[in-house]
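Enquirer: To be precise about what I am sending: the file is called final-v3.txt and holds compact mmCIF, C-alpha atoms.
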# COMPACT_ATOMS: atom_id res chain seq x y z
CA MET A 17 0.00 0.00 0.00
CA ASN A 18 1.34 3.43 -1.00
CA LEU A 19 0.71 5.54 2.10
CA ASP A 20 1.98 8.63 0.26
CA MET A 21 -1.24 8.59 -1.77
CA MET A 22 -3.54 8.56 1.27
CA HIS A 23 -5.42 11.66 2.41
CA PRO A 24 -4.09 12.97 5.78
CA ARG A 25 -7.40 12.21 7.53
CA ASP A 26 -7.28 8.58 6.32
CA LEU A 27 -3.64 8.13 7.29
CA ILE A 28 -4.19 9.56 10.78
CA THR A 29 -7.16 7.22 11.25
CA LEU A 30 -5.09 4.24 10.06
CA ILE A 31 -2.17 4.91 12.40
CA MET A 32 -4.43 5.68 15.36
CA LYS A 33 -6.18 2.36 14.75
CA ARG A 34 -2.79 0.65 15.08
CA LEU A 35 -1.89 2.56 18.22
CA TYR A 36 -5.15 1.63 19.88
CA GLY A 37 -5.22 -1.93 18.55
CA TYR A 38 -1.77 -2.71 19.94
CA GLY A 39 -2.47 -1.20 23.34
CA MET A 40 -0.17 1.77 22.77
CA THR A 41 -2.84 4.30 23.66
CA THR A 42 -6.23 4.45 25.40
CA THR A 43 -9.75 5.58 24.50
CA SER A 44 -9.03 9.18 25.41
CA GLY A 45 -5.24 9.29 25.02
CA GLY A 46 -2.84 10.12 22.21
CA ASN A 47 -2.91 12.54 19.31
CA LEU A 48 -1.50 12.60 15.78
CA SER A 49 -1.05 15.38 13.26
CA ILE A 50 0.17 15.95 9.70
CA LEU A 51 1.24 19.26 8.17
CA ASP A 52 0.32 19.30 4.47
CA ASN A 53 2.12 21.15 1.68
CA GLU A 54 -0.29 24.09 1.95
CA GLY A 55 0.53 24.69 5.61
CA ASN A 56 -2.69 23.16 6.95
CA MET A 57 -2.50 20.96 10.03
CA TRP A 58 -4.64 17.80 10.12
CA ILE A 59 -4.98 16.61 13.71
CA SER A 60 -6.91 14.03 15.69
CA PRO A 61 -9.81 15.47 17.73
CA GLY A 62 -10.09 15.91 21.47
CA SER A 63 -12.59 13.92 23.57
CA VAL A 64 -13.39 11.38 20.83
CA ASP A 65 -13.07 7.61 21.32
CA LYS A 66 -9.76 6.55 19.73
CA GLY A 67 -11.04 3.00 19.36
CA THR A 68 -13.75 4.07 16.89
CA LEU A 69 -12.06 7.04 15.21
CA ARG A 70 -13.31 7.78 11.66
CA PRO A 71 -11.77 9.91 8.88
CA GLU A 72 -14.58 12.45 9.24
CA ASP A 73 -13.56 12.97 12.90
CA ILE A 74 -10.16 14.40 11.91
CA VAL A 75 -9.88 18.18 12.25
CA CYS A 76 -8.16 20.54 9.82
CA VAL A 77 -6.58 23.70 11.23
CA LYS A 78 -5.92 25.98 8.27
CA ALA A 79 -2.72 27.99 7.92
CA ASP A 80 -4.67 31.11 8.92
CA GLY A 81 -5.96 29.41 12.12
CA THR A 82 -9.45 28.58 10.86
CA VAL A 83 -10.72 25.27 12.29
CA VAL A 84 -12.63 22.99 9.92
CA GLY A 85 -14.35 19.87 11.24
CA ILE A 86 -17.10 18.46 13.41
CA HIS A 87 -14.89 18.39 16.55
CA LYS A 88 -12.37 20.55 18.32
CA PRO A 89 -8.69 19.72 17.69
CA SER A 90 -6.77 17.76 20.30
CA SER A 91 -6.03 19.64 23.51
CA GLU A 92 -2.34 19.07 22.73
CA PHE A 93 -2.66 21.21 19.59
CA PRO A 94 -0.33 23.90 21.09
CA PHE A 95 2.77 21.73 21.14
CA HIS A 96 2.05 20.35 17.66
CA ARG A 97 1.86 23.95 16.40
CA HIS A 98 5.07 24.92 18.23
CA ILE A 99 6.99 21.97 16.75
CA TYR A 100 6.00 22.72 13.16
CA LYS A 101 6.91 26.38 13.63
CA LEU A 102 10.40 25.62 14.94
CA ARG A 103 11.26 22.62 12.72
CA PRO A 104 10.28 23.11 9.04
CA ASP A 105 11.66 19.62 8.24
CA ILE A 106 8.99 17.99 10.46
CA LYS A 107 5.70 17.14 8.72
CA ALA A 108 4.13 14.72 11.25
CA VAL A 109 3.85 14.54 15.05
CA LEU A 110 2.78 11.58 17.19
CA HIS A 111 2.07 11.71 20.92
CA ALA A 112 0.88 8.74 23.02
CA HIS A 113 1.15 7.08 26.43
CA PRO A 114 2.28 3.44 25.93
CA ALA A 115 2.83 1.73 29.28
CA ALA A 116 6.51 0.88 28.80
CA LEU A 117 7.47 4.41 27.80
CA VAL A 118 5.32 5.92 30.54
CA ALA A 119 7.33 3.74 32.94
CA PHE A 120 10.50 5.45 31.72
CA SER A 121 8.91 8.90 31.78
CA ILE A 122 7.83 8.57 35.42
CA THR A 123 11.29 7.37 36.50
CA GLY A 124 13.18 10.04 34.58
CA ARG A 125 15.06 7.52 32.42
CA ARG A 126 15.51 7.23 28.66
CA PRO A 127 15.48 3.86 26.82
CA ASN A 128 18.97 2.74 25.85
CA THR A 129 19.30 2.96 22.06
CA SER A 130 22.62 1.05 22.24
CA LEU A 131 20.81 -2.22 22.97
CA LEU A 132 20.02 -2.95 19.31
CA THR A 133 21.94 -2.38 16.10
CA LYS A 134 19.57 -0.04 14.24
CA ALA A 135 17.76 1.67 17.13
CA ALA A 136 20.05 4.69 17.41
CA GLU A 137 19.93 5.16 13.64
CA ILE A 138 16.11 5.21 13.69
CA CYS A 139 15.47 7.17 16.88
CA GLY A 140 18.57 9.32 17.28
CA GLU A 141 19.39 10.83 20.67
CA ILE A 142 16.34 10.84 22.95
CA GLY A 143 15.28 14.16 24.42
CA PHE A 144 13.51 14.69 27.74
CA ALA A 145 11.00 17.49 28.45
CA GLY A 146 10.01 18.52 31.96
CA TYR A 147 6.46 18.39 33.31
CA GLU A 148 3.79 20.96 32.52
CA ILE A 149 -0.02 20.96 32.40
CA PRO A 150 -1.28 18.98 29.35
CA GLY A 151 -2.57 21.24 26.59
CA SER A 152 -0.85 24.33 27.98
CA GLU A 153 1.33 26.77 26.08
CA ALA A 154 4.01 26.11 28.71
CA LEU A 155 4.08 22.40 27.73
CA GLY A 156 4.21 23.40 24.07
CA ASN A 157 7.26 25.56 24.77
CA LEU A 158 9.05 22.78 26.69
CA VAL A 159 8.34 20.11 24.08
CA SER A 160 9.21 22.26 21.07
CA ALA A 161 12.44 23.40 22.75
CA GLU A 162 13.60 19.77 22.86
CA PHE A 163 12.80 19.29 19.18
CA GLU A 164 14.57 22.55 18.38
CA LYS A 165 17.76 20.87 19.66
CA GLY A 166 17.45 18.39 16.78
CA HIS A 167 15.78 15.48 18.60
CA ASN A 168 13.11 13.47 16.78
CA CYS A 169 11.98 11.52 19.84
CA ILE A 170 11.41 12.91 23.33
CA LEU A 171 10.01 11.62 26.58
CA LEU A 172 7.65 13.92 28.49
CA GLN A 173 8.15 13.74 32.24
CA ASN A 174 5.17 11.98 33.90
CA HIS A 175 3.32 12.12 30.60
CA GLY A 176 4.45 9.87 27.73
CA VAL A 177 6.34 10.23 24.48
CA CYS A 178 6.34 12.39 21.35
CA THR A 179 7.97 11.46 18.03
CA THR A 180 8.21 13.29 14.72
CA GLY A 181 9.14 12.61 11.12
CA LYS A 182 9.13 13.73 7.52
CA ASP A 183 5.80 11.83 7.32
CA LEU A 184 3.53 10.01 9.73
CA LEU A 185 4.96 6.57 8.96
CA GLU A 186 8.46 7.74 9.93
CA ALA A 187 7.10 9.26 13.16
CA PHE A 188 5.30 5.99 13.84
CA GLU A 189 8.42 3.92 13.08
CA ARG A 190 10.38 5.99 15.60
CA PHE A 191 7.59 5.69 18.16
CA GLU A 192 7.25 1.94 17.65
CA THR A 193 11.03 1.40 17.84
CA LEU A 194 11.31 3.45 21.03
CA ASP A 195 8.40 1.62 22.66
CA TYR A 196 9.92 -1.68 21.58
CA LEU A 197 13.28 -0.70 23.11
CA ALA A 198 11.57 0.23 26.36
CA ARG A 199 9.78 -3.13 26.56
CA ILE A 200 13.01 -5.03 25.82
CA GLU A 201 14.92 -3.11 28.47
CA ILE A 202 12.22 -3.80 31.06
CA LYS A 203 12.33 -7.54 30.19
CA ALA A 204 16.13 -7.53 30.34
CA GLU A 205 16.18 -5.85 33.76
CA ALA A 206 14.48 -8.96 35.16
CA LEU A 207 17.25 -11.20 33.80
CA GLY A 208 20.43 -9.59 35.06
CA LYS A 209 23.31 -7.71 33.49
CA ILE A 210 22.38 -5.83 30.31
CA ARG A 211 24.99 -5.75 27.53
CA PRO A 212 24.65 -2.72 25.25
CA LEU A 213 26.53 -2.62 21.97
CA ASP A 214 29.92 -0.94 21.93
CA PRO A 215 30.48 1.89 19.40
CA GLU A 216 32.73 -0.30 17.22
CA THR A 217 30.06 -2.98 16.77
CA ARG A 218 27.39 -0.38 16.04
CA ALA A 219 29.64 1.18 13.42
CA LEU A 220 30.35 -2.25 11.92
CA SER A 221 26.62 -3.00 11.59
CA ARG A 222 26.13 0.18 9.55
CA THR A 223 28.68 -0.90 6.96
CA LEU A 224 26.87 -4.11 6.00
CA GLU A 225 25.23 -4.74 2.63
CA LYS A 226 25.55 -1.31 1.05
CA LYS A 227 25.97 -2.55 -2.53
CA LEU A 228 22.81 -3.39 -4.46
CA MET A 229 22.57 -6.45 -6.69
CA PRO A 230 22.10 -5.78 -10.41
CA GLU A 231 18.52 -5.95 -11.69
CA PHE A 232 16.71 -8.40 -13.94
CA ILE A 233 13.23 -8.62 -15.45
CA PRO A 234 11.53 -11.96 -14.68
CA ALA A 235 10.43 -13.77 -17.83
CA GLU A 236 7.34 -14.97 -15.97
CA HIS A 237 5.92 -15.42 -12.48
CA SER A 238 5.16 -19.10 -11.95
CA VAL A 239 2.05 -20.38 -10.19
CA ARG A 240 4.25 -21.57 -7.32
CA GLU A 241 5.84 -18.14 -6.96
CA CYS A 242 2.42 -16.47 -6.86
CA GLU A 243 1.23 -18.93 -4.20
CA LEU A 244 4.34 -18.31 -2.11
CA ARG A 245 3.92 -14.53 -2.40
CA GLU A 246 0.41 -14.85 -0.98
CA GLU A 247 1.57 -17.14 1.84
CA MET A 248 4.45 -14.82 2.73
CA VAL A 249 2.26 -11.73 2.96
CA LYS A 250 -0.26 -13.52 5.18
CA LEU A 251 2.46 -14.66 7.59
CA ILE A 252 4.19 -11.27 7.57
CA ASN A 253 0.87 -9.64 8.51
CA ARG A 254 0.30 -12.29 11.17
CA SER A 255 3.77 -11.73 12.57
CA TYR A 256 3.05 -8.02 12.86
CA ASN A 257 -0.36 -8.55 14.43
CA ARG A 258 1.15 -10.91 17.00
CA MET A 259 3.89 -8.35 17.76
CA LEU A 260 6.66 -10.67 16.60
CA SER A 261 7.94 -7.94 14.27
CA PHE A 262 7.25 -4.26 13.76
CA SER A 263 6.47 -1.83 10.95
CA THR A 264 9.73 -1.80 9.00
CA ASP A 265 11.60 -4.65 10.67
CA GLY A 266 11.34 -8.40 10.27
CA THR A 267 12.60 -10.18 7.15
CA PHE A 268 10.88 -13.18 5.58
CA SER A 269 12.15 -15.32 2.73
CA THR A 270 11.16 -18.52 0.97
CA ARG A 271 12.77 -20.60 -1.76
CA VAL A 272 10.90 -20.65 -5.07
CA SER A 273 13.25 -22.93 -7.03
CA GLN A 274 16.88 -23.98 -6.98
CA ASP A 275 18.04 -20.57 -8.22
CA GLN A 276 15.18 -18.30 -7.04
CA PHE A 277 13.85 -17.06 -3.71
CA LEU A 278 11.53 -14.34 -2.49
CA VAL A 279 12.47 -11.83 0.21
CA THR A 280 10.81 -8.87 1.90
CA PRO A 281 11.72 -5.39 0.59
CA LYS A 282 13.80 -2.93 2.57
CA GLY A 283 11.95 -0.25 4.54
CA LEU A 284 8.35 -0.96 3.51
CA ASP A 285 5.56 -1.14 6.09
CA ARG A 286 5.01 -4.80 7.06
CA MET A 287 1.38 -4.22 8.05
CA ASN A 288 0.35 -3.09 4.57
CA LEU A 289 2.78 -5.08 2.43
CA ARG A 290 1.41 -6.33 -0.90
CA ASN A 291 2.26 -9.51 -2.81
CA ASP A 292 3.78 -7.55 -5.69
CA GLU A 293 6.15 -5.64 -3.35
CA LEU A 294 8.05 -8.80 -2.38
CA VAL A 295 11.37 -9.07 -4.21
CA LEU A 296 12.29 -12.04 -6.41
CA ILE A 297 16.00 -12.92 -6.32
CA GLN A 298 17.45 -15.02 -9.12
CA ASP A 299 21.08 -16.09 -8.85
CA ASN A 300 22.75 -12.78 -7.92
CA TYR A 301 20.10 -10.48 -9.43
CA ARG A 302 17.18 -8.63 -7.87
CA GLU A 303 13.78 -8.05 -9.44
CA MET A 304 13.78 -4.77 -11.35
CA GLY A 305 12.69 -1.65 -9.51
CA LYS A 306 12.76 -3.20 -6.03
CA ILE A 307 15.22 -2.95 -3.14
CA PRO A 308 15.48 -6.18 -1.11
CA SER A 309 16.38 -6.57 2.55
CA ARG A 310 20.03 -5.99 3.35
CA ALA A 311 20.14 -9.61 4.57
CA THR A 312 19.57 -10.91 1.02
CA SER A 313 23.17 -12.02 0.34
CA PHE A 314 23.28 -13.75 3.72
CA PHE A 315 20.02 -15.55 2.92
CA LYS A 316 21.38 -16.65 -0.44
CA ALA A 317 24.41 -18.14 1.31
CA ILE A 318 22.07 -20.12 3.60
CA TYR A 319 20.05 -21.47 0.65
CA ASP A 320 23.21 -22.35 -1.29
CA THR A 321 24.78 -24.13 1.69
CA HIS A 322 21.71 -25.95 3.02
CA PRO A 323 19.44 -27.51 0.35
CA TRP A 324 17.01 -28.64 3.07
CA VAL A 325 16.27 -25.01 4.06
CA ASN A 326 13.31 -23.61 2.12
CA ALA A 327 12.43 -20.66 4.35
CA ILE A 328 14.22 -18.12 6.54
CA ILE A 329 12.85 -15.56 9.01
CA VAL A 330 14.80 -12.89 10.86
CA SER A 331 12.91 -10.95 13.53
CA LYS A 332 13.15 -9.34 16.97
CA PRO A 333 10.37 -10.63 19.27
CA VAL A 334 10.42 -8.71 22.54
CA ASN A 335 10.87 -11.53 25.06
CA VAL A 336 13.59 -13.21 23.01
CA MET A 337 15.38 -9.88 22.63
CA GLY A 338 15.21 -9.37 26.37
CA TYR A 339 17.57 -12.36 26.53
CA ALA A 340 19.55 -11.20 23.50
CA VAL A 341 20.69 -7.98 25.22
CA THR A 342 21.81 -9.74 28.41
CA GLU A 343 24.22 -12.56 29.25
CA GLU A 344 21.38 -15.04 29.80
CA LYS A 345 20.61 -17.98 27.52
CA ILE A 346 17.17 -19.28 26.52
CA ASP A 347 16.68 -22.81 27.86
CA THR A 348 14.39 -24.53 25.35
CA LYS A 349 13.82 -27.56 27.58
CA THR A 350 10.70 -26.03 29.11
CA ILE A 351 8.00 -28.13 27.44
CA PRO A 352 8.37 -30.91 24.83
CA GLU A 353 7.08 -28.73 21.96
CA SER A 354 9.72 -26.07 22.59
CA TYR A 355 12.61 -28.51 22.51
CA ILE A 356 11.24 -30.48 19.54
CA LEU A 357 10.85 -27.38 17.39
CA LEU A 358 13.77 -25.26 18.58
CA ARG A 359 16.34 -27.74 19.85
CA ASP A 360 19.21 -25.87 21.57
CA ILE A 361 19.33 -22.28 20.32
CA ILE A 362 22.74 -21.30 18.94
CA ASP A 363 24.02 -18.11 20.55
CA ILE A 364 26.36 -15.82 18.54
CA PRO A 365 27.63 -12.31 19.38
CA CYS A 366 26.54 -10.04 16.53
CA ALA A 367 30.07 -8.67 16.06
CA GLU A 368 31.29 -12.20 15.26
CA HIS A 369 28.49 -12.58 12.73
CA TYR A 370 29.26 -9.26 11.04
CA LYS A 371 32.93 -10.17 10.67
CA ASP A 372 32.27 -13.68 9.34
CA PRO A 373 28.66 -14.32 8.28
CA MET A 374 29.64 -17.62 6.65
CA ALA A 375 30.58 -18.94 10.08
CA THR A 376 26.97 -18.31 11.11
CA VAL A 377 25.73 -20.04 7.96
CA ARG A 378 27.80 -23.13 8.77
CA LYS A 379 26.32 -23.39 12.28
CA ILE A 380 22.80 -23.88 10.89
CA ALA A 381 21.84 -27.56 10.86
CA PRO A 382 18.74 -29.81 11.08
CA ASN A 383 19.44 -30.08 14.83
CA ALA A 384 20.23 -26.33 15.07
CA PRO A 385 17.48 -24.48 13.16
CA VAL A 386 17.40 -21.39 15.42
CA ILE A 387 20.16 -18.84 16.01
CA MET A 388 20.11 -15.85 18.33
CA LEU A 389 22.42 -13.02 17.28
CA ARG A 390 23.06 -11.01 20.41
CA ASN A 391 21.74 -7.42 20.26
CA ASP A 392 20.44 -8.05 16.76
CA CYS A 393 17.81 -10.68 15.99
CA LEU A 394 16.49 -14.21 16.11
CA LEU A 395 16.97 -16.29 12.96
CA THR A 396 14.79 -19.32 12.26
CA VAL A 397 14.88 -21.66 9.27
CA GLY A 398 12.59 -24.45 8.14
CA SER A 399 11.68 -26.83 5.37
CA THR A 400 8.56 -24.66 4.91
CA LEU A 401 7.69 -21.06 5.65
CA LEU A 402 5.11 -22.17 8.20
CA GLN A 403 7.71 -24.25 10.05
CA ALA A 404 10.12 -21.30 10.23
CA PHE A 405 7.26 -19.10 11.48
CA ASP A 406 6.23 -21.71 14.05
CA ARG A 407 9.78 -21.70 15.40
CA LEU A 408 9.69 -17.90 15.68
CA GLU A 409 6.42 -18.05 17.64
CA VAL A 410 7.53 -20.90 19.90
CA ALA A 411 10.84 -19.17 20.67
CA GLU A 412 8.95 -16.06 21.81
CA PHE A 413 6.51 -18.11 23.89
CA CYS A 414 9.40 -20.03 25.43
CA ALA A 415 11.25 -16.81 26.37
CA ASN A 416 8.04 -15.38 27.83
CA SER A 417 7.48 -18.49 29.94
CA LEU A 418 11.06 -18.41 31.21
CA LEU A 419 10.71 -14.77 32.24
CA ALA A 420 7.47 -15.55 34.07
CA SER A 421 9.04 -18.55 35.80
CA LYS A 422 11.61 -16.30 37.48
CA ARG A 423 8.78 -14.81 39.54
CA LEU A 424 7.59 -18.26 40.50
CA GLY A 425 10.86 -19.67 41.80
CA GLY A 426 12.80 -20.49 38.64
CA VAL A 427 12.53 -23.03 35.85
CA LYS A 428 12.87 -26.78 36.35
CA PRO A 429 13.82 -27.90 32.83
CA ILE A 430 13.32 -31.28 31.19
CA ASN A 431 16.33 -33.33 32.28
CA GLU A 432 18.91 -35.02 30.04
CA GLU A 433 17.26 -38.43 30.21
CA GLN A 434 13.89 -36.95 29.26
CA LYS A 435 15.55 -34.98 26.44
CA LYS A 436 17.09 -38.15 24.99
CA ALA A 437 13.70 -39.84 25.16
CA LEU A 438 12.17 -36.97 23.17
CA ILE A 439 14.86 -37.22 20.52
CA LYS A 440 14.22 -40.95 20.17
CA ALA A 441 10.43 -40.76 20.26
CA PHE A 442 10.19 -38.01 17.61
CA HIS A 443 13.15 -39.19 15.49
CA LEU A 444 14.89 -35.85 15.88
CA PRO A 445 18.23 -35.35 14.10
CA GLU A 446 21.22 -35.80 16.41
Here is a file; write its structure as structure tokens.

Expert:
Amino acid sequence: MNLDMMHPRDLITLIMKRLYGYGMTTTSGGNLSILDNEGNMWISPGSVDKGTLRPEDIVCVKADGTVVGIHKPSSEFPFHRHIYKLRPDIKAVLHAHPAALVAFSITGRRPNTSLLTKAAEICGEIGFAGYEIPGSEALGNLVSAEFEKGHNCILLQNHGVCTTGKDLLEAFERFETLDYLARIEIKAEALGKIRPLDPETRALSRTLEKKLMPEFIPAEHSVRECELREEMVKLINRSYNRMLSFSTDGTFSTRVSQDQFLVTPKGLDRMNLRNDELVLIQDNYREMGKIPSRATSFFKAIYDTHPWVNAIIVSKPVNVMGYAVTEEKIDTKTIPESYILLRDIIDIPCAEHYKDPMATVRKIAPNAPVIMLRNDCLLTVGSTLLQAFDRLEVAEFCANSLLASKRLGGVKPINEEQKKALIKAFHLPE
């Protein structure tokens, strides 16, 4: 879906539906705005149920101050207006009160953007605005002053978070990434010592996969390819809806034939991804006019090395990543299903992977189908796309159960004798 072609009122309604649907705001909380190319501000209304918001509820405040709409603009209109006035590069503002970020705002802390490889690149340095009465000019001055410093994400003391962007999707991506970071850090705090990335590793991650493959025009799109495109999009949407991935993160791939595979495009919204936006890779060429995920060459190496692998997923589920940013390991011997599907998860520091990705490729095996790259992602492979997705889901459920067990006295895993019995009973590869 091309969000650039949507009317501001429709786009605000779409993003607010996501915010409310994922529990990132409440019936009365949160506000979004877009500044159009004529200087008019489109903003969500005040005192209207966010769970049933309609396009006709969105208010337009004209450049001359005239208000057009059936409602009053959000009470936070003053700080939206201040931000646009001080930062001409900003065309969208998002403010909400997700629980994890509120937790940081009421403790005076900022989420650590060094926990994950791309977080600092997406969010930048996080600002922090002091407390003032909601909807007041004083709050507008405090908030806009932080954005005037160059921040694109700020926490509001005892209030919530505000993010901005060149469009509403970029503001939402920053908001979602920041909320995601906050939830990971809270999970990690329950596990022990947190291990942020050092500057050298962060710099190394930014150098990866800068060169694009040459293009080709497919002679045809086979029936199998079309079926796989449909299956991929359904599972990508499901992954997003189950909060296993987020708007522009999470890479899916499936083998089409010996020399072809499909992969998700770089930077496109996972929630609204279309079949035709997936990228076909043939040998070392990419489908014309499309930019594939930066992991494409790595995926090709996996397919070339392991003929039994027909699908690959890379994602960052919150509970798994809580482990990935600490020194703790995920014990898969919680219930039989977890061990059968996941086996023992391979644990690799992301710096090692960046320096020698083929070493990671070689560690994948029928008895090692899941790899956790510290501070980066979880990688699952399978003989089918559904199997790889199942492993992603089960890994997240397993990590969640382990975190919960710490409050109940600690996990008592399946013992070695029981593990051997499972391997024998289900004919698992040794």

Enquirer: With all atoms listed in the file as the basis for distance, which of A:Ile106, A:Leu131, A:Leu158, A:Ala415 is at the shortest distance from A:Glu186?

Expert: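 Checking each of A:Ile106, A:Leu131, A:Leu158, A:Ala415 against A:Glu186, counting all atoms listed in the file, the winner is A:Ile106.
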
Enquirer: Using only C-alpha atoms, pick whichever of A:Ile356, A:Leu408, A:Leu197, A:Leu117 has the shortest atom-to-atom distance to A:Lys440.

Expert: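 Nearest candidate to A:Lys440 out of A:Ile356, A:Leu408, A:Leu197, A:Leu117: A:Ile356.
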
Enquirer: Rank nothing, just name the residue among A:Phe405, A:Arg126, A:Cys178, A:Val118 nearest to A:Ser261, using all atoms listed in the file.

Expert: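 Among the listed residues, A:Phe405 lies closest to A:Ser261.
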
Enquirer: For a test of reading the model, state the distance in Å between atom CA of A:Leu284 and atom CA of A:Thr267, rounded to one decimal.

Expert: 10.8 Å

Enquirer: So which one's closest to A:Asn47, A:Val109, A:Ala136, A:Ile200, A:Leu294? Using all atoms listed in the file, please.

Expert: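 Nearest to A:Asn47: A:Val109.
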
Enquirer: Tell me, in Å to one decimal, how far atom CA of A:Leu194 is from atom CA of A:Leu35.

Expert: 13.5 Å
